[in-house]
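Shown next: start-v2.txt, given as compact mmCIF, C-alpha atoms.
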# COMPACT_ATOMS: atom_id res chain seq x y z
CA MET A 1 15.99 57.35 -18.68
CA TYR A 2 16.71 56.11 -15.17
CA TYR A 3 18.12 52.74 -16.23
CA LEU A 4 20.03 54.24 -19.14
CA GLY A 5 21.51 56.74 -16.69
CA VAL A 6 22.40 54.11 -14.09
CA SER A 7 24.21 52.11 -16.77
CA LYS A 8 26.47 55.11 -17.46
CA ALA A 9 26.85 56.59 -13.94
CA SER A 10 28.45 55.32 -10.76
CA GLY A 11 26.29 53.76 -8.08
CA VAL A 12 27.19 56.48 -5.60
CA SER A 13 26.25 59.39 -7.85
CA SER A 14 23.08 57.54 -8.86
CA ALA A 15 22.01 57.22 -5.22
CA VAL A 16 22.73 60.88 -4.47
CA ILE A 17 20.87 62.19 -7.52
CA THR A 18 17.94 59.85 -6.86
CA GLY A 19 17.76 61.35 -3.37
CA THR A 20 16.80 64.70 -4.89
CA GLY A 21 13.49 63.19 -5.99
CA ALA A 22 11.69 64.05 -2.75
CA PHE A 23 12.69 67.71 -2.98
CA ILE A 24 11.79 67.90 -6.69
CA SER A 25 8.36 66.40 -5.89
CA LEU A 26 7.83 69.04 -3.22
CA LEU A 27 8.74 71.85 -5.63
CA MET A 28 6.39 70.42 -8.26
CA ALA A 29 3.51 70.11 -5.79
CA VAL A 30 3.99 73.66 -4.49
CA TYR A 31 5.03 75.78 -7.46
CA VAL A 32 3.77 73.92 -10.56
CA PHE A 33 0.59 72.05 -9.60
CA ARG A 34 -0.32 74.22 -6.57
CA TYR A 35 -1.49 71.26 -4.49
CA GLU A 36 -0.04 72.58 -1.23
CA GLN A 37 1.94 75.41 0.27
CA MET A 38 5.63 75.52 0.99
CA THR A 39 6.52 75.62 4.67
CA SER A 40 9.86 75.79 6.41
CA ARG A 41 9.07 72.43 8.02
CA LYS A 42 8.58 70.68 4.66
CA ALA A 43 11.68 72.24 3.15
CA ALA A 44 13.79 71.38 6.22
CA GLY A 45 12.50 67.80 6.22
CA CYS A 46 13.38 67.24 2.54
CA LEU A 47 16.81 68.81 3.06
CA ALA A 48 17.42 66.59 6.10
CA GLY A 49 16.53 63.50 4.08
CA PHE A 50 18.84 64.55 1.25
CA ALA A 51 21.57 65.33 3.80
CA GLY A 52 21.30 61.76 5.06
CA ILE A 53 21.94 60.46 1.54
CA LEU A 54 24.94 62.78 1.22
CA VAL A 55 26.34 61.61 4.56
CA MET A 56 26.19 58.01 3.39
CA ASN A 57 27.55 58.61 -0.13
CA GLY A 58 29.21 62.01 -0.07
CA ALA A 59 32.78 60.91 0.70
CA ALA A 60 32.83 58.42 -2.16
CA LEU A 61 31.17 60.93 -4.46
CA PHE A 62 33.82 63.59 -3.91
CA GLN A 63 36.66 61.06 -4.10
CA SER A 64 35.43 59.68 -7.42
CA ASP A 65 37.54 60.43 -10.45
CA VAL A 66 34.58 59.97 -12.79
CA ALA A 67 33.31 63.30 -14.07
CA CYS A 68 29.57 63.93 -14.21
CA GLY A 69 28.26 63.28 -17.68
CA GLY A 70 25.26 62.04 -19.61
CA GLY A 71 24.36 59.31 -17.14
CA GLU A 72 23.93 61.69 -14.22
CA LEU A 73 21.88 64.06 -16.37
CA LEU A 74 19.57 61.24 -17.46
CA ILE A 75 19.00 60.21 -13.83
CA LEU A 76 18.19 63.81 -12.88
CA ILE A 77 15.72 64.11 -15.78
CA SER A 78 14.12 60.84 -14.68
CA GLN A 79 13.56 62.32 -11.21
CA VAL A 80 11.83 65.34 -12.75
CA PHE A 81 9.55 63.06 -14.78
CA SER A 82 8.90 60.95 -11.68
CA ALA A 83 7.83 64.07 -9.76
CA VAL A 84 5.48 65.09 -12.59
CA SER A 85 4.09 61.54 -12.64
CA ALA A 86 3.41 61.65 -8.90
CA ALA A 87 1.60 64.97 -9.30
CA PHE A 88 -0.61 63.55 -12.06
CA ILE A 89 -1.32 60.45 -9.97
CA LYS A 90 -2.38 62.74 -7.13
CA LYS A 91 -4.78 64.49 -9.52
CA PHE A 92 -6.34 61.52 -11.31
CA THR A 93 -6.72 59.18 -8.34
CA GLN A 94 -9.23 61.63 -6.88
CA SER A 95 -11.74 60.44 -9.51
CA GLN A 96 -10.25 57.17 -10.84
CA SER A 97 -9.34 53.84 -9.25
CA ALA A 98 -5.67 53.80 -8.28
CA VAL A 99 -5.47 50.08 -9.11
CA MET A 100 -6.91 50.48 -12.61
CA LEU A 101 -4.85 53.61 -13.23
CA SER A 102 -1.66 51.79 -12.27
CA GLY A 103 -2.59 48.82 -14.48
CA TRP A 104 -3.23 50.98 -17.53
CA GLN A 105 -0.01 52.92 -16.93
CA PHE A 106 2.07 49.75 -16.80
CA ALA A 107 0.32 48.24 -19.83
CA ALA A 108 0.66 51.36 -21.99
CA GLY A 109 4.20 52.12 -20.83
CA GLY A 110 5.33 48.52 -21.23
CA LEU A 111 3.96 48.28 -24.77
CA ALA A 112 5.59 51.60 -25.73
CA LEU A 113 8.98 50.55 -24.34
CA ALA A 114 8.76 47.08 -25.91
CA ALA A 115 7.83 48.53 -29.31
CA SER A 116 10.64 51.10 -29.22
CA GLY A 117 13.12 48.43 -28.14
CA LEU A 118 12.12 46.09 -30.96
CA LEU A 119 12.25 48.91 -33.52
CA ALA A 120 15.76 49.77 -32.31
CA GLY A 121 16.93 46.22 -32.98
CA GLY A 122 16.40 44.65 -29.58
CA SER A 123 15.03 41.18 -28.95
CA ILE A 124 13.48 39.15 -26.15
CA PRO A 125 15.81 36.23 -25.36
CA ALA A 126 14.47 32.77 -24.63
CA GLY A 127 15.36 32.52 -20.95
CA SER A 128 14.94 29.69 -18.51
CA LEU A 129 11.79 29.06 -16.52
CA SER A 130 13.42 30.40 -13.35
CA GLY A 131 14.53 33.52 -15.25
CA TRP A 132 10.99 34.24 -16.42
CA ALA A 133 9.73 33.61 -12.88
CA VAL A 134 12.10 36.32 -11.62
CA ILE A 135 10.88 38.72 -14.32
CA LEU A 136 7.25 38.05 -13.39
CA TYR A 137 8.06 38.52 -9.70
CA LEU A 138 9.79 41.84 -10.34
CA ALA A 139 6.88 42.97 -12.52
CA PHE A 140 4.42 42.11 -9.73
CA VAL A 141 6.50 43.90 -7.09
CA SER A 142 6.73 47.03 -9.24
CA ALA A 143 3.02 47.03 -10.02
CA ALA A 144 2.03 46.40 -6.39
CA ALA A 145 4.37 49.11 -5.09
CA TYR A 146 3.17 51.63 -7.68
CA THR A 147 -0.46 50.85 -6.85
CA LEU A 148 0.19 51.44 -3.14
CA TRP A 149 1.99 54.66 -4.12
CA GLY A 150 -1.16 55.81 -5.96
CA LEU A 151 -3.41 54.92 -3.03
CA LEU A 152 -1.21 56.91 -0.64
CA LEU A 153 -1.04 59.91 -2.97
CA ARG A 154 -4.83 59.91 -3.22
CA GLU A 155 -5.17 60.27 0.55
CA TYR A 156 -2.14 62.34 1.59
CA PRO A 157 -0.19 65.39 0.39
CA LEU A 158 2.60 64.75 -2.10
CA SER A 159 5.26 66.13 0.25
CA ARG A 160 4.30 63.73 3.05
CA VAL A 161 4.49 60.68 0.79
CA GLY A 162 7.43 61.72 -1.39
CA ILE A 163 9.81 62.21 1.54
CA TYR A 164 9.86 58.44 2.07
CA ASN A 165 11.84 58.13 -1.19
CA CYS A 166 14.86 59.21 0.85
CA LEU A 167 14.67 55.86 2.63
CA ILE A 168 15.32 53.90 -0.57
CA PRO A 169 19.13 54.21 -0.79
CA VAL A 170 19.55 53.74 2.97
CA ALA A 171 17.26 50.71 2.97
CA GLY A 172 19.29 49.33 0.08
CA VAL A 173 22.36 49.26 2.29
CA PHE A 174 20.56 47.23 4.96
CA TRP A 175 19.19 44.81 2.35
CA SER A 176 22.76 44.40 1.10
CA ALA A 177 23.76 43.49 4.63
CA ALA A 178 20.99 40.91 4.90
CA LEU A 179 21.36 39.35 1.44
CA LEU A 180 25.01 39.93 0.56
CA GLN A 181 26.52 39.86 4.07
CA GLU A 182 27.83 43.44 3.70
CA THR A 183 27.36 44.15 7.39
CA ALA A 184 30.40 46.43 7.81
CA GLN A 185 28.86 49.23 5.72
CA ALA A 186 25.30 48.71 6.96
CA PHE A 187 26.17 49.22 10.63
CA SER A 188 28.93 51.78 10.24
CA PRO A 189 28.58 55.14 12.07
CA ARG A 190 28.12 56.88 8.70
CA THR A 191 25.18 54.69 7.69
CA LEU A 192 23.53 54.98 11.11
CA ALA A 193 23.94 58.78 11.00
CA ALA A 194 22.43 58.83 7.51
CA MET A 195 19.46 56.76 8.68
CA GLY A 196 18.98 59.14 11.61
CA LEU A 197 18.87 62.16 9.30
CA VAL A 198 16.43 60.48 6.91
CA VAL A 199 14.12 59.39 9.74
CA PHE A 200 14.28 62.91 11.18
CA GLY A 201 13.35 64.34 7.77
CA VAL A 202 10.40 61.96 7.42
CA TRP A 203 9.18 62.87 10.91
CA LEU A 204 9.61 66.58 10.27
CA VAL A 205 7.52 66.56 7.11
CA ASN A 206 4.79 64.32 8.51
CA ARG A 207 4.34 65.70 12.02
CA PRO A 208 1.16 67.77 12.50
CA ALA A 209 1.51 71.53 12.34
CA PRO A 210 1.57 73.04 15.86
CA SER A 211 -1.47 75.22 15.25
CA GLY A 212 -3.39 72.72 13.11
CA ASN A 213 -5.87 70.02 13.87
CA PRO A 214 -3.94 66.77 14.45
CA GLY A 215 -6.58 64.84 12.50
CA GLN A 216 -6.49 67.15 9.51
CA LYS A 217 -4.44 66.23 6.45
CA GLU A 218 -2.14 69.11 5.62
Re-express the file's structure as structure tokens.
Amino acid sequence: MYYLGVSKASGVSSAVITGTGAFISLLMAVYVFRYEQMTSRKAAGCLAGFAGILVMNGAALFQSDVACGGGELLILISQVFSAVSAAFIKKFTQSQSAVMLSGWQFAAGGLALAASGLLAGGSIPAGSLSGWAVILYLAFVSAAAYTLWGLLLREYPLSRVGIYNCLIPVAGVFWSAALLQETAQAFSPRTLAAMGLVVFGVWLVNRPAPSGNPGQKE
């Protein structure tokens, strides 16, 4: 749903909607799966992170002439499913290996997507050796990142891990500066202000509660 949505939505609206993932994960953890309790600190931290994404993309979003449609809705639905997935990972990694769980998820999900694609008339093109090397590299990066995600969710509350998702669109701007020489946007006052808000949100969610034990996982 995410990639179908991105193909139909603008990059700006995609980044903003993706930024809601941290807040959706918090709501799932608190009100659906009952893993933790809502606090003003957690809510403020998620809102600060989302505010950073809006600061970086908001002007372009409101100036866009493209009306919200199916693409934006698909991206939002994908964030809901992602939050549910994170909650299930939190549950099952308490008794199962995060590495094996991630491997089975990728194998089962990959086979299901490949089968549905082939049934819908798709095909796997015969690419070059370098092209397949890139595919294998991207597959490894995704699997490694998802495994680390599972290991972190096993040890820490969902809200404390999920807030780092707000860093993704901001980090993307800095990677664009490094790889595509887009330095003007990366070091603009708007981007630096967005990074400050996101970092503040991450700190707010992860700092120990004033009355709690600093070594205790909240």
### Query
Do you know which residues are at most 12 Å from Ala87 (chain A) counting all atoms listed in the file, after dropping those on the same chain fewer than 2 positions away, and could you put them as a ChimeraX atom specification?
/A:24-36,80-85,89-94,149-150,153-154,156-159,161-162
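Once all atoms listed in the file are considered, the residues situated within 10 Å of the file point (2.6, 48.5, -9.7) turn out to be Ala98, Val99, Leu101, Ser102, Gly103, Gln105, Phe106, Leu138, Ala139, Phe140, Val141, Ser142, Ala143, Ala144, Ala145, Tyr146, Thr147, Leu148, Trp149 and Gly150 of chain A.
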### Distance in Å - CA of Val134 (chain A) versus CA of Ala115 (chain A)
21.9 Å
### Pairwise distance for CA of Val16 (chain A) and CA of Ile53 (chain A), rounded to one decimal in Å
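Interatomic distance, CA of Val16 (chain A) to CA of Ile53 (chain A): 6.1 Å.
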### Task
Enter the distance from CA of Phe200 (chain A) to CA of Lys42 (chain A), in Å, rounded to one decimal.
11.6 Å
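Considering the residues A:Met195, A:Ala114, A:Leu151, A:Ala133 and counting only C-alpha atoms, Leu54 (chain A) has its shortest atom-to-atom contact with A:Met195.
For the choices A:Val202, A:Leu4, A:Cys46, A:Ala126, the atom-to-atom distance to Gly19 (chain A) is smallest for A:Cys46 when using only C-alpha atoms.
Considering all atoms listed in the file, the residue among A:Phe23, A:Ile17, A:Phe187, A:Gly71 positioned nearest to Met38 (chain A) is A:Phe23.
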